[in-house]
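Shown next: coords-v3.txt, containing compact mmCIF, C-alpha atoms.
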# COMPACT_ATOMS: atom_id res chain seq x y z
CA MET A 1 46.92 -23.13 -28.32
CA PRO A 2 45.78 -26.77 -28.11
CA LEU A 3 48.26 -29.37 -29.27
CA ARG A 4 47.82 -31.14 -32.60
CA SER A 5 48.15 -34.88 -32.57
CA SER A 6 50.26 -34.56 -35.74
CA GLU A 7 52.86 -32.50 -33.81
CA LEU A 8 53.38 -35.30 -31.28
CA THR A 9 55.36 -38.53 -31.35
CA VAL A 10 55.67 -41.17 -28.64
CA GLY A 11 58.77 -40.39 -26.61
CA LEU A 12 58.61 -36.60 -27.20
CA ARG A 13 59.62 -34.76 -24.00
CA HIS A 14 58.58 -31.31 -22.83
CA ALA A 15 60.41 -29.92 -19.76
CA VAL A 16 59.90 -26.56 -18.03
CA VAL A 17 61.38 -24.99 -14.88
CA VAL A 18 58.17 -24.33 -12.91
CA VAL A 19 59.76 -22.69 -9.87
CA ASP A 20 63.25 -21.34 -9.26
CA ASN A 21 64.29 -20.90 -5.60
CA LEU A 22 60.91 -21.60 -3.99
CA THR A 23 60.18 -19.04 -1.26
CA ARG A 24 58.40 -19.48 2.05
CA THR A 25 56.17 -16.63 0.89
CA GLN A 26 54.96 -18.63 -2.11
CA ILE A 27 54.18 -21.56 0.21
CA VAL A 28 52.15 -19.20 2.42
CA GLN A 29 50.48 -17.74 -0.69
CA TYR A 30 49.42 -21.29 -1.63
CA ALA A 31 48.16 -21.89 1.92
CA GLY A 32 45.95 -18.80 1.66
CA ALA A 33 44.55 -19.67 -1.77
CA SER A 34 43.96 -23.36 -1.08
CA GLY A 35 42.82 -22.98 2.54
CA ASP A 36 45.39 -25.49 3.87
CA TYR A 37 47.13 -23.59 6.69
CA ASN A 38 48.90 -26.63 8.16
CA PRO A 39 51.72 -25.09 10.26
CA LEU A 40 54.10 -27.68 8.76
CA HIS A 41 53.86 -25.44 5.67
CA THR A 42 53.34 -22.00 7.18
CA ASP A 43 55.05 -21.88 10.59
CA GLU A 44 58.84 -22.30 10.77
CA VAL A 45 58.82 -22.42 14.59
CA PHE A 46 56.27 -25.25 14.65
CA ALA A 47 57.84 -27.18 11.76
CA THR A 48 61.34 -27.12 13.26
CA ARG A 49 60.92 -26.95 17.04
CA ALA A 50 57.62 -28.84 17.54
CA ALA A 51 57.53 -31.25 14.57
CA GLY A 52 61.28 -31.82 14.11
CA TYR A 53 61.61 -31.00 10.40
CA PRO A 54 64.60 -29.01 9.08
CA SER A 55 62.23 -26.21 7.92
CA VAL A 56 58.71 -25.72 6.63
CA PHE A 57 58.04 -27.57 3.38
CA ALA A 58 55.68 -27.11 0.44
CA HIS A 59 52.22 -28.62 0.21
CA GLY A 60 52.24 -31.60 -2.15
CA MET A 61 49.41 -29.82 -3.93
CA LEU A 62 51.63 -26.78 -4.57
CA THR A 63 54.07 -29.08 -6.39
CA MET A 64 51.15 -30.61 -8.31
CA GLY A 65 49.79 -27.14 -9.12
CA LEU A 66 53.19 -26.02 -10.44
CA THR A 67 53.36 -29.23 -12.49
CA GLY A 68 49.84 -28.58 -13.81
CA LYS A 69 51.00 -25.24 -15.23
CA MET A 70 53.62 -27.04 -17.35
CA LEU A 71 50.90 -29.42 -18.59
CA THR A 72 48.22 -26.85 -19.43
CA ASP A 73 50.78 -24.56 -21.14
CA PHE A 74 51.78 -27.60 -23.22
CA VAL A 75 48.44 -29.26 -24.05
CA GLY A 76 46.18 -26.17 -24.07
CA ASP A 77 43.70 -24.58 -21.66
CA GLY A 78 41.01 -26.91 -20.32
CA ARG A 79 42.26 -29.87 -22.39
CA LEU A 80 43.31 -32.28 -19.62
CA THR A 81 41.01 -35.26 -19.12
CA ARG A 82 43.12 -36.88 -16.40
CA PHE A 83 46.05 -35.82 -14.19
CA GLY A 84 47.39 -37.66 -11.16
CA GLY A 85 50.39 -38.94 -9.33
CA ARG A 86 52.31 -39.55 -6.15
CA PHE A 87 54.26 -37.11 -4.00
CA THR A 88 57.59 -38.91 -3.81
CA SER A 89 59.79 -36.51 -1.87
CA GLN A 90 59.36 -33.31 0.09
CA VAL A 91 59.90 -29.88 -1.48
CA TRP A 92 61.76 -27.33 0.63
CA PRO A 93 62.23 -23.55 0.49
CA GLY A 94 65.07 -22.82 -1.95
CA ASP A 95 64.24 -25.77 -4.21
CA SER A 96 64.01 -25.35 -7.98
CA LEU A 97 61.64 -27.70 -9.76
CA THR A 98 61.57 -28.88 -13.36
CA ALA A 99 58.37 -30.54 -14.59
CA THR A 100 58.57 -32.92 -17.56
CA ALA A 101 55.86 -34.53 -19.69
CA THR A 102 56.78 -37.43 -21.98
CA VAL A 103 54.34 -38.67 -24.63
CA THR A 104 53.58 -42.36 -23.98
CA ALA A 105 50.65 -42.97 -26.37
CA LEU A 106 48.54 -41.29 -29.04
CA ARG A 107 45.11 -42.83 -29.49
CA VAL A 108 41.51 -42.25 -30.50
CA GLU A 109 38.70 -43.12 -28.08
CA ASP A 110 35.04 -42.69 -29.11
CA GLY A 111 36.22 -40.49 -31.97
CA VAL A 112 38.24 -38.20 -29.66
CA ARG A 113 42.00 -37.83 -30.17
CA LEU A 114 43.88 -38.29 -26.92
CA ALA A 115 47.53 -38.06 -25.88
CA ASP A 116 48.87 -39.86 -22.80
CA PHE A 117 51.87 -38.55 -20.88
CA ASP A 118 54.21 -39.65 -18.15
CA VAL A 119 54.67 -36.71 -15.82
CA GLU A 120 57.60 -36.20 -13.49
CA THR A 121 58.78 -33.22 -11.48
CA ASN A 122 62.34 -33.16 -10.18
CA ASN A 123 64.25 -30.91 -7.82
CA GLN A 124 67.65 -29.32 -8.48
CA HIS A 125 69.36 -32.55 -7.31
CA GLY A 126 67.44 -34.61 -9.88
CA VAL A 127 65.27 -36.23 -7.20
CA ALA A 128 61.67 -36.89 -8.29
CA VAL A 129 59.22 -34.99 -6.05
CA PHE A 130 56.08 -35.81 -8.07
CA SER A 131 55.60 -38.79 -10.34
CA GLY A 132 52.44 -39.51 -12.29
CA SER A 133 50.63 -39.36 -15.59
CA ALA A 134 48.11 -37.31 -17.56
CA THR A 135 45.85 -37.53 -20.57
CA ALA A 136 44.76 -34.63 -22.79
CA ARG A 137 42.32 -34.15 -25.63
CA VAL A 138 44.30 -33.00 -28.67
CA ASP A 139 43.27 -31.67 -32.09
CA MET B 140 31.63 -32.99 7.29
CA THR B 141 32.98 -31.45 4.18
CA ALA B 142 31.93 -28.62 1.91
CA SER B 143 28.72 -29.59 0.13
CA ARG B 144 28.55 -26.44 -1.98
CA PHE B 145 31.57 -24.92 -3.73
CA PRO B 146 30.93 -21.55 -5.43
CA ILE B 147 33.58 -21.02 -8.12
CA GLU B 148 34.56 -17.36 -7.80
CA ALA B 149 36.74 -15.57 -10.36
CA GLY B 150 38.80 -13.83 -7.64
CA HIS B 151 39.50 -17.15 -5.93
CA ILE B 152 40.68 -18.66 -9.23
CA MET B 153 42.95 -15.64 -9.80
CA MET B 154 44.55 -15.96 -6.34
CA PHE B 155 44.97 -19.73 -6.68
CA ALA B 156 46.57 -19.45 -10.13
CA ARG B 157 48.98 -16.78 -8.82
CA ALA B 158 49.95 -19.07 -5.92
CA VAL B 159 50.95 -21.86 -8.33
CA GLY B 160 52.89 -19.34 -10.46
CA ASP B 161 50.41 -19.52 -13.34
CA PHE B 162 49.70 -16.15 -14.94
CA ASN B 163 47.79 -17.55 -17.93
CA PRO B 164 45.07 -14.93 -18.74
CA VAL B 165 42.42 -17.68 -19.10
CA TYR B 166 42.49 -17.79 -15.27
CA HIS B 167 42.02 -14.04 -14.66
CA ASP B 168 41.29 -11.94 -17.75
CA VAL B 169 37.56 -11.99 -18.54
CA ASP B 170 37.97 -10.25 -21.92
CA LEU B 171 40.70 -12.55 -23.21
CA ALA B 172 39.04 -15.64 -21.74
CA ARG B 173 35.80 -14.81 -23.58
CA ASP B 174 37.55 -15.56 -26.89
CA SER B 175 39.03 -18.86 -25.63
CA GLU B 176 37.70 -22.35 -26.40
CA PHE B 177 35.42 -22.40 -23.33
CA GLY B 178 34.18 -18.80 -23.63
CA GLY B 179 35.18 -17.59 -20.17
CA VAL B 180 37.47 -17.85 -17.17
CA ILE B 181 38.16 -21.46 -16.20
CA ALA B 182 40.02 -22.93 -13.20
CA PRO B 183 43.51 -24.47 -13.31
CA PRO B 184 43.62 -28.28 -13.02
CA THR B 185 44.27 -28.61 -9.27
CA PHE B 186 41.88 -25.80 -8.22
CA VAL B 187 39.08 -28.02 -6.86
CA GLN B 188 41.36 -28.84 -3.90
CA ALA B 189 40.56 -25.29 -2.68
CA SER B 190 37.01 -26.48 -1.87
CA ALA B 191 38.56 -26.87 1.62
CA GLN B 192 37.79 -23.14 1.98
CA TYR B 193 34.08 -24.05 2.10
CA ASP B 194 34.43 -27.00 4.52
CA PRO B 195 33.02 -25.63 7.81
CA ASP B 196 35.08 -28.11 9.86
CA TYR B 197 38.31 -28.13 7.84
CA PRO B 198 40.95 -29.00 10.48
CA LEU B 199 43.88 -27.28 8.74
CA ARG B 200 42.35 -23.79 9.09
CA PRO B 201 42.19 -21.98 12.45
CA GLN B 202 38.63 -22.09 13.80
CA PRO B 203 36.96 -19.83 16.39
CA GLY B 204 37.07 -21.37 19.85
CA VAL B 205 39.40 -24.21 18.83
CA PRO B 206 43.04 -24.14 19.95
CA TRP B 207 45.30 -23.97 16.91
CA PHE B 208 48.23 -26.35 16.84
CA GLY B 209 50.75 -23.93 15.32
CA SER B 210 53.14 -21.78 17.34
CA GLY B 211 52.18 -18.75 19.39
CA ALA B 212 53.43 -18.15 22.90
CA THR B 213 54.89 -21.67 22.75
CA ARG B 214 56.42 -23.62 19.88
CA SER B 215 53.14 -25.48 19.29
CA GLY B 216 49.52 -24.67 20.17
CA ARG B 217 49.79 -26.02 23.70
CA VAL B 218 49.52 -23.91 26.84
CA THR B 219 52.74 -25.55 28.00
CA ASP B 220 55.15 -27.63 25.97
CA THR B 221 54.14 -30.80 27.86
CA GLU B 222 50.36 -30.54 27.37
CA PRO B 223 48.88 -32.87 24.72
CA VAL B 224 47.93 -31.29 21.40
CA ALA B 225 44.29 -30.18 21.47
CA THR B 226 41.44 -32.07 19.86
CA LYS B 227 38.34 -30.37 18.65
CA PRO B 228 35.50 -30.57 21.22
CA GLY B 229 32.55 -32.71 20.14
CA SER B 230 34.39 -34.05 17.10
CA ASP B 231 36.52 -37.05 16.37
CA ARG B 232 38.63 -34.88 14.08
CA PRO B 233 41.73 -33.73 15.89
CA ALA B 234 42.55 -30.02 15.84
CA SER B 235 46.07 -31.21 15.13
CA GLY B 236 47.13 -32.32 11.66
CA GLY B 237 49.67 -34.56 13.39
CA THR B 238 52.02 -36.15 10.93
CA GLY B 239 49.38 -36.71 8.25
CA LEU B 240 50.75 -36.09 4.76
CA HIS B 241 49.35 -36.15 1.26
CA ALA B 242 50.65 -39.23 -0.61
CA GLU B 243 48.77 -39.20 -3.92
CA GLN B 244 46.24 -37.12 -5.82
CA HIS B 245 44.39 -38.04 -9.01
CA PHE B 246 41.86 -36.01 -11.00
CA GLU B 247 39.53 -37.01 -13.81
CA TYR B 248 38.18 -34.02 -15.71
CA HIS B 249 34.80 -34.43 -17.38
CA ARG B 250 34.82 -30.76 -18.44
CA PRO B 251 36.62 -27.58 -17.24
CA VAL B 252 35.46 -25.84 -14.04
CA ARG B 253 34.07 -22.38 -14.95
CA ALA B 254 34.05 -19.15 -12.96
CA GLY B 255 30.53 -18.27 -11.81
CA GLU B 256 29.17 -21.79 -11.43
CA VAL B 257 28.42 -23.59 -8.17
CA LEU B 258 29.69 -27.15 -7.76
CA THR B 259 28.20 -29.70 -5.39
CA LEU B 260 30.50 -32.14 -3.59
CA ALA B 261 29.86 -35.74 -2.64
CA LEU B 262 32.51 -37.59 -0.67
CA ARG B 263 33.04 -41.30 -0.26
CA PRO B 264 35.79 -43.29 1.40
CA GLY B 265 37.95 -45.47 -0.79
CA GLU B 266 40.38 -48.20 0.24
CA SER B 267 42.72 -48.13 3.22
CA TRP B 268 45.96 -50.08 3.62
CA GLU B 269 49.21 -50.21 5.56
CA LYS B 270 52.80 -50.42 4.42
CA GLN B 271 56.17 -50.55 6.14
CA GLY B 272 57.96 -47.29 5.27
CA ARG B 273 61.66 -47.02 4.57
CA ARG B 274 62.06 -43.86 6.66
CA GLY B 275 58.93 -43.29 8.74
CA GLY B 276 57.90 -46.56 10.49
CA LEU B 277 54.50 -48.11 9.69
CA LEU B 278 52.53 -46.06 7.14
CA HIS B 279 48.72 -45.94 7.25
CA PHE B 280 47.18 -45.02 3.86
CA ARG B 281 43.58 -43.88 3.39
CA GLU B 282 41.88 -43.03 0.12
CA GLN B 283 39.03 -40.55 -0.33
CA ILE B 284 36.99 -39.92 -3.45
CA THR B 285 35.26 -36.59 -4.08
CA GLU B 286 32.79 -36.06 -6.91
CA TYR B 287 32.28 -32.46 -8.02
CA ARG B 288 29.01 -31.98 -9.91
CA GLY B 289 27.57 -29.03 -11.82
CA GLU B 290 24.18 -27.37 -11.45
CA ASP B 291 22.48 -29.97 -13.68
CA GLY B 292 23.96 -32.82 -11.65
CA GLU B 293 26.57 -33.57 -14.32
CA LEU B 294 29.95 -34.87 -13.18
CA VAL B 295 32.63 -32.16 -13.62
CA VAL B 296 35.68 -33.51 -11.74
CA THR B 297 36.31 -36.76 -9.88
CA ALA B 298 39.15 -36.44 -7.35
CA ARG B 299 40.86 -39.33 -5.59
CA GLY B 300 43.22 -38.38 -2.77
CA VAL B 301 45.40 -40.67 -0.69
CA GLY B 302 46.55 -39.52 2.74
CA VAL B 303 49.26 -41.19 4.76
CA ARG B 304 49.83 -41.06 8.50
CA THR B 305 53.22 -41.99 9.85
CA GLU B 306 54.21 -43.14 13.30
CA GLN B 307 57.18 -40.76 13.39
CA THR B 308 58.33 -37.61 11.63
CA VAL B 309 59.41 -38.34 8.06
CA LYS B 310 62.94 -37.11 7.46
CA ASP B 311 63.93 -36.31 3.91

So, in terms of structure tokens, how does the structure I just supplied come out?
Amino acid sequence: MPLRSSELTVGLRHAVVVVDNLTRTQIVQYAGASGDYNPLHTDEVFATRAAGYPSVFAHGMLTMGLTGKMLTDFVGDGRLTRFGGRFTSQVWPGDSLTATATVTALRVEDGVRLADFDVETNNQHGVAVFSGSATARVD
Amino acid sequence: MTASRFPIEAGHIMMFARAVGDFNPVYHDVDLARDSEFGGVIAPPTFVQASAQYDPDYPLRPQPGVPWFGSGATRSGRVTDTEPVATKPGSDRPASGGTGLHAEQHFEYHRPVRAGEVLTLALRPGESWEKQGRRGGLLHFREQITEYRGEDGELVVTARGVGVRTEQTVKD
């Protein structure tokens, strides 16, 4: 259900665990769906013994996709007008991620009600792995 | 070269939504989606990134006749562990992804992407800049803007990606 502007206040926070104990299989599943088969994400031998990482790690876009699920479940299907951010730390197998949206503004533009959000996704150590913002059309 | 034509297939949306842990029926259930605000299956917000599937030269997918840089008989796609990583013949795009990483991604949505439509892509370079990294030496940033348009030429999604290449492996 789309959000109603009247249900929102600046500073309201909405936080959801979007993945618990991320598996290598889910990373590979994302590789297959997105088409990005970079062996840094899909090949433990390459990632550790050729590239020197401690293990494979998730695509930034998997983290953003998981974060997007929190947003669309919150604001309603097809209601985002803007969503973006930076990948601020790597996400590893075994990580659990919590995505949080915080209302920063409620406004009307050309007669359309909009809500602006700060968006941050953190791992189980509290480290931000994705940091950005979003805007949604609300009722 | 990049994909110029991106057919939005319902099965592709379903697989992509599953991969990001999103089981919302608006991404896979035609009957339920018909009664939703947009009258059919739509794509989740980061789905347009999967247009890479339609890029004939996408370097992060194994290609016929091009050595892959992942492991096989050796720990990387080299015949021996001392041979340089392969580059794609006749192309300035390396077969290797090297240490290129995705730094930023921004989407503007003009309307939802719908199953069954065909989007057209136009790509243009954005800015490029350099920055001294805390962990990974000198960082080279490059921005790319992709416009996804519908069958009437209308803008559907504008995507702005920023890639970063590092001079050494980034440690967490």

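Counting from CA of Lys69 (chain A), the distance to CA of Pro146 (chain B) is 22.6 Å.
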
Practice task
Show me which bits of chain A are within 6 Å of chain B, counting all atoms listed in the file, as a ChimeraX atom specification.
Solution key: /A:29-30,33-39,45-46,50,65-66,78,81-87

Exercise for the section: Considering all atoms listed in the file, state which residue in the set A:Glu44, A:Val127, A:Val91, A:Val75 is at the smallest distance from Thr63 (chain A). Expected result: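 Nearest candidate to Thr63 (chain A) out of A:Glu44, A:Val127, A:Val91, A:Val75: A:Val91.
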
Exercise for the section: Figure out the distance between CA of Ser131 (chain A) and CA of Gln271 (chain B), please, to one decimal in Å. Expected result: 20.3 Å

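With only C-alpha atoms as the atoms that count, the minimum distance from Ala128 (chain A) to the choices A:Ala105, A:Ala51, A:Leu40, A:Ala99 is reached by A:Ala99.
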
Could you produce a table of the residues of region 30-60 of chain A lying within 10 Å of region 22-26 of chain A, with the nearest pair of atoms per residue and their separation in Å rounded to one decimal, using all atoms listed in the file, ordered by chain and increasing residue number, as JSON lines?
{"residue": "A:Tyr30", "atom": "CA", "partner": "A:Gln26", "partner_atom": "CA", "distance": 6.2}
{"residue": "A:Ala31", "atom": "CA", "partner": "A:Gln26", "partner_atom": "CA", "distance": 8.6}
{"residue": "A:Gly32", "atom": "CA", "partner": "A:Gln26", "partner_atom": "CA", "distance": 9.8}
{"residue": "A:His41", "atom": "CA", "partner": "A:Arg24", "partner_atom": "CA", "distance": 8.3}
{"residue": "A:Thr42", "atom": "CA", "partner": "A:Arg24", "partner_atom": "CA", "distance": 7.6}
{"residue": "A:Asp43", "atom": "CA", "partner": "A:Arg24", "partner_atom": "CA", "distance": 9.5}
{"residue": "A:Glu44", "atom": "CA", "partner": "A:Arg24", "partner_atom": "CA", "distance": 9.2}
{"residue": "A:Ser55", "atom": "CA", "partner": "A:Arg24", "partner_atom": "CA", "distance": 9.7}
{"residue": "A:Val56", "atom": "CA", "partner": "A:Arg24", "partner_atom": "CA", "distance": 7.7}
{"residue": "A:Phe57", "atom": "CA", "partner": "A:Arg24", "partner_atom": "CA", "distance": 8.2}
{"residue": "A:Ala58", "atom": "CA", "partner": "A:Arg24", "partner_atom": "CA", "distance": 8.3}

Exercise for the section: Would you list the contacts of Gly255 (chain B) as a PyMOL selection string, taking every protein, DNA or RNA residue within 9 Å and counting only C-alpha atoms, but skipping same-chain residues closer than 4 positions in sequence? Expected result: chain B and resi 146-149+180

Saved selection, atoms kept: C-alpha atoms, as a PDB file, keeping the file's coordinate frame:
ATOM      1  CA  PRO B 146      30.930 -21.550  -5.430  1.00  0.00           C
ATOM      2  CA  ILE B 147      33.580 -21.020  -8.120  1.00  0.00           C
ATOM      3  CA  GLU B 148      34.560 -17.360  -7.800  1.00  0.00           C
ATOM      4  CA  ALA B 149      36.740 -15.570 -10.360  1.00  0.00           C
ATOM      5  CA  VAL B 180      37.470 -17.850 -17.170  1.00  0.00           C
TER       6      VAL B 180
END

Practice task
Measure the distance from CA of Arg113 (chain A) to CA of Val138 (chain A) in Å and round it to one decimal.
Solution key: 5.6 Å

Exercise for the section: Step by step: start from the point (52.8, -30.7, -15.5) in the file's coordinates, keep every protein, DNA or RNA residue that has an atom no farther than 9 Å from it, count all atoms listed in the file, and write the set as a list in words. Expected result: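 Within the cut-off we find Ala15, Val16, Val18, Met64, Gly65, Leu66, Thr67, Gly68, Lys69, Met70, Leu71, Thr72, Asp73, Phe74, Phe83, Ala99, Thr100, Ala101, Val119, Glu120, Thr121, Ser133 and Ala134 of chain A.
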
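Taking all atoms listed in the file into account, Thr88 (chain A) lies nearest to A:Asn122 out of the set A:Asn122, A:Thr135, A:Thr102, A:Ser6.
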
Exercise for the section: Please identify all polymer residues within 8 Å of region 124-126 of chain A, counting all atoms listed in the file, omitting same-chain residues fewer than 5 positions from it, and present them as a list in words. Expected result: Asp95, Ser96, Leu97 and Thr98 of chain A

Exercise for the section: Determine the nearest neighbour of Glu7 (chain A) from the options A:Gly111, A:Leu80, A:Val103, A:Gly60, counting all atoms listed in the file. Expected result: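 Counting all atoms listed in the file, the residue closest to Glu7 (chain A) is A:Val103.
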
Kindly provide, as lines of an AutoDock Vina configuration file, the centre and edge lengths (Å, one decimal) of an axis-aligned box around all atoms of region 277-293 of chain B given in the file, with 6 Å on each side.
center_x = 38.5
center_y = -37.7
center_z = -2.3
size_x = 44.0
size_y = 32.7
size_z = 36.0

Practice task
Go through A:Arg107, A:Arg79, A:Phe130, A:Arg13 and flag the residue nearest Met1 (chain A), using all atoms listed in the file for the distances.
Solution key: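 Nearest candidate to Met1 (chain A) out of A:Arg107, A:Arg79, A:Phe130, A:Arg13: A:Arg79.
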
Starting from the incomplete input, reconstruct N, CA and C atoms of region 179-201 of chain B and report them as a PDB file, keeping the file's coordinate frame.
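Contents of rebuild-v1.pdb, as written:
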ATOM      1  N   GLY B 179      35.142 -18.318 -21.441  1.00  0.00           N
ATOM      2  CA  GLY B 179      35.180 -17.590 -20.170  1.00  0.00           C
ATOM      3  C   GLY B 179      36.314 -18.084 -19.301  1.00  0.00           C
ATOM      4  N   VAL B 180      36.414 -17.471 -18.116  1.00  0.00           N
ATOM      5  CA  VAL B 180      37.470 -17.850 -17.170  1.00  0.00           C
ATOM      6  C   VAL B 180      37.210 -19.273 -16.683  1.00  0.00           C
ATOM      7  N   ILE B 181      38.247 -20.098 -16.737  1.00  0.00           N
ATOM      8  CA  ILE B 181      38.160 -21.460 -16.200  1.00  0.00           C
ATOM      9  C   ILE B 181      39.174 -21.591 -15.061  1.00  0.00           C
ATOM     10  N   ALA B 182      39.133 -22.715 -14.349  1.00  0.00           N
ATOM     11  CA  ALA B 182      40.020 -22.930 -13.200  1.00  0.00           C
ATOM     12  C   ALA B 182      41.191 -23.811 -13.620  1.00  0.00           C
ATOM     13  N   PRO B 183      42.380 -23.584 -13.033  1.00  0.00           N
ATOM     14  CA  PRO B 183      43.510 -24.470 -13.310  1.00  0.00           C
ATOM     15  C   PRO B 183      43.247 -25.886 -12.776  1.00  0.00           C
ATOM     16  N   PRO B 184      44.010 -26.880 -13.246  1.00  0.00           N
ATOM     17  CA  PRO B 184      43.620 -28.280 -13.020  1.00  0.00           C
ATOM     18  C   PRO B 184      43.572 -28.756 -11.559  1.00  0.00           C
ATOM     19  N   THR B 185      44.306 -28.121 -10.654  1.00  0.00           N
ATOM     20  CA  THR B 185      44.270 -28.610  -9.270  1.00  0.00           C
ATOM     21  C   THR B 185      43.374 -27.732  -8.382  1.00  0.00           C
ATOM     22  N   PHE B 186      42.632 -26.796  -8.993  1.00  0.00           N
ATOM     23  CA  PHE B 186      41.880 -25.800  -8.220  1.00  0.00           C
ATOM     24  C   PHE B 186      40.828 -26.402  -7.282  1.00  0.00           C
ATOM     25  N   VAL B 187      40.192 -27.504  -7.678  1.00  0.00           N
ATOM     26  CA  VAL B 187      39.080 -28.020  -6.860  1.00  0.00           C
ATOM     27  C   VAL B 187      39.533 -28.373  -5.435  1.00  0.00           C
ATOM     28  N   GLN B 188      40.851 -28.570  -5.244  1.00  0.00           N
ATOM     29  CA  GLN B 188      41.360 -28.840  -3.900  1.00  0.00           C
ATOM     30  C   GLN B 188      41.027 -27.680  -2.949  1.00  0.00           C
ATOM     31  N   ALA B 189      40.859 -26.474  -3.494  1.00  0.00           N
ATOM     32  CA  ALA B 189      40.560 -25.290  -2.680  1.00  0.00           C
ATOM     33  C   ALA B 189      39.123 -25.299  -2.166  1.00  0.00           C
ATOM     34  N   SER B 190      38.346 -26.353  -2.468  1.00  0.00           N
ATOM     35  CA  SER B 190      37.010 -26.480  -1.870  1.00  0.00           C
ATOM     36  C   SER B 190      37.114 -26.588  -0.356  1.00  0.00           C
ATOM     37  N   ALA B 191      38.329 -26.876   0.160  1.00  0.00           N
ATOM     38  CA  ALA B 191      38.560 -26.870   1.620  1.00  0.00           C
ATOM     39  C   ALA B 191      38.135 -25.545   2.246  1.00  0.00           C
ATOM     40  N   GLN B 192      38.197 -24.452   1.462  1.00  0.00           N
ATOM     41  CA  GLN B 192      37.790 -23.140   1.980  1.00  0.00           C
ATOM     42  C   GLN B 192      36.320 -23.145   2.427  1.00  0.00           C
ATOM     43  N   TYR B 193      35.515 -24.030   1.818  1.00  0.00           N
ATOM     44  CA  TYR B 193      34.080 -24.050   2.100  1.00  0.00           C
ATOM     45  C   TYR B 193      33.686 -25.189   3.046  1.00  0.00           C
ATOM     46  N   ASP B 194      34.691 -25.928   3.545  1.00  0.00           N
ATOM     47  CA  ASP B 194      34.430 -27.000   4.520  1.00  0.00           C
ATOM     48  C   ASP B 194      34.349 -26.348   5.904  1.00  0.00           C
ATOM     49  N   PRO B 195      33.146 -26.343   6.533  1.00  0.00           N
ATOM     50  CA  PRO B 195      33.020 -25.630   7.810  1.00  0.00           C
ATOM     51  C   PRO B 195      33.914 -26.192   8.912  1.00  0.00           C
ATOM     52  N   ASP B 196      34.287 -27.464   8.799  1.00  0.00           N
ATOM     53  CA  ASP B 196      35.080 -28.110   9.860  1.00  0.00           C
ATOM     54  C   ASP B 196      36.509 -28.395   9.436  1.00  0.00           C
ATOM     55  N   TYR B 197      36.981 -27.780   8.357  1.00  0.00           N
ATOM     56  CA  TYR B 197      38.310 -28.130   7.840  1.00  0.00           C
ATOM     57  C   TYR B 197      39.375 -27.969   8.939  1.00  0.00           C
ATOM     58  N   PRO B 198      40.072 -29.043   9.297  1.00  0.00           N
ATOM     59  CA  PRO B 198      40.950 -29.000  10.480  1.00  0.00           C
ATOM     60  C   PRO B 198      42.268 -28.267  10.255  1.00  0.00           C
ATOM     61  N   LEU B 199      42.593 -27.929   9.006  1.00  0.00           N
ATOM     62  CA  LEU B 199      43.880 -27.280   8.740  1.00  0.00           C
ATOM     63  C   LEU B 199      43.715 -25.765   8.540  1.00  0.00           C
ATOM     64  N   ARG B 200      42.596 -25.236   9.070  1.00  0.00           N
ATOM     65  CA  ARG B 200      42.350 -23.790   9.090  1.00  0.00           C
ATOM     66  C   ARG B 200      41.988 -23.421  10.523  1.00  0.00           C
ATOM     67  N   PRO B 201      42.578 -22.368  11.093  1.00  0.00           N
ATOM     68  CA  PRO B 201      42.190 -21.980  12.450  1.00  0.00           C
ATOM     69  C   PRO B 201      40.683 -21.712  12.538  1.00  0.00           C
TER      70      PRO B 201
END
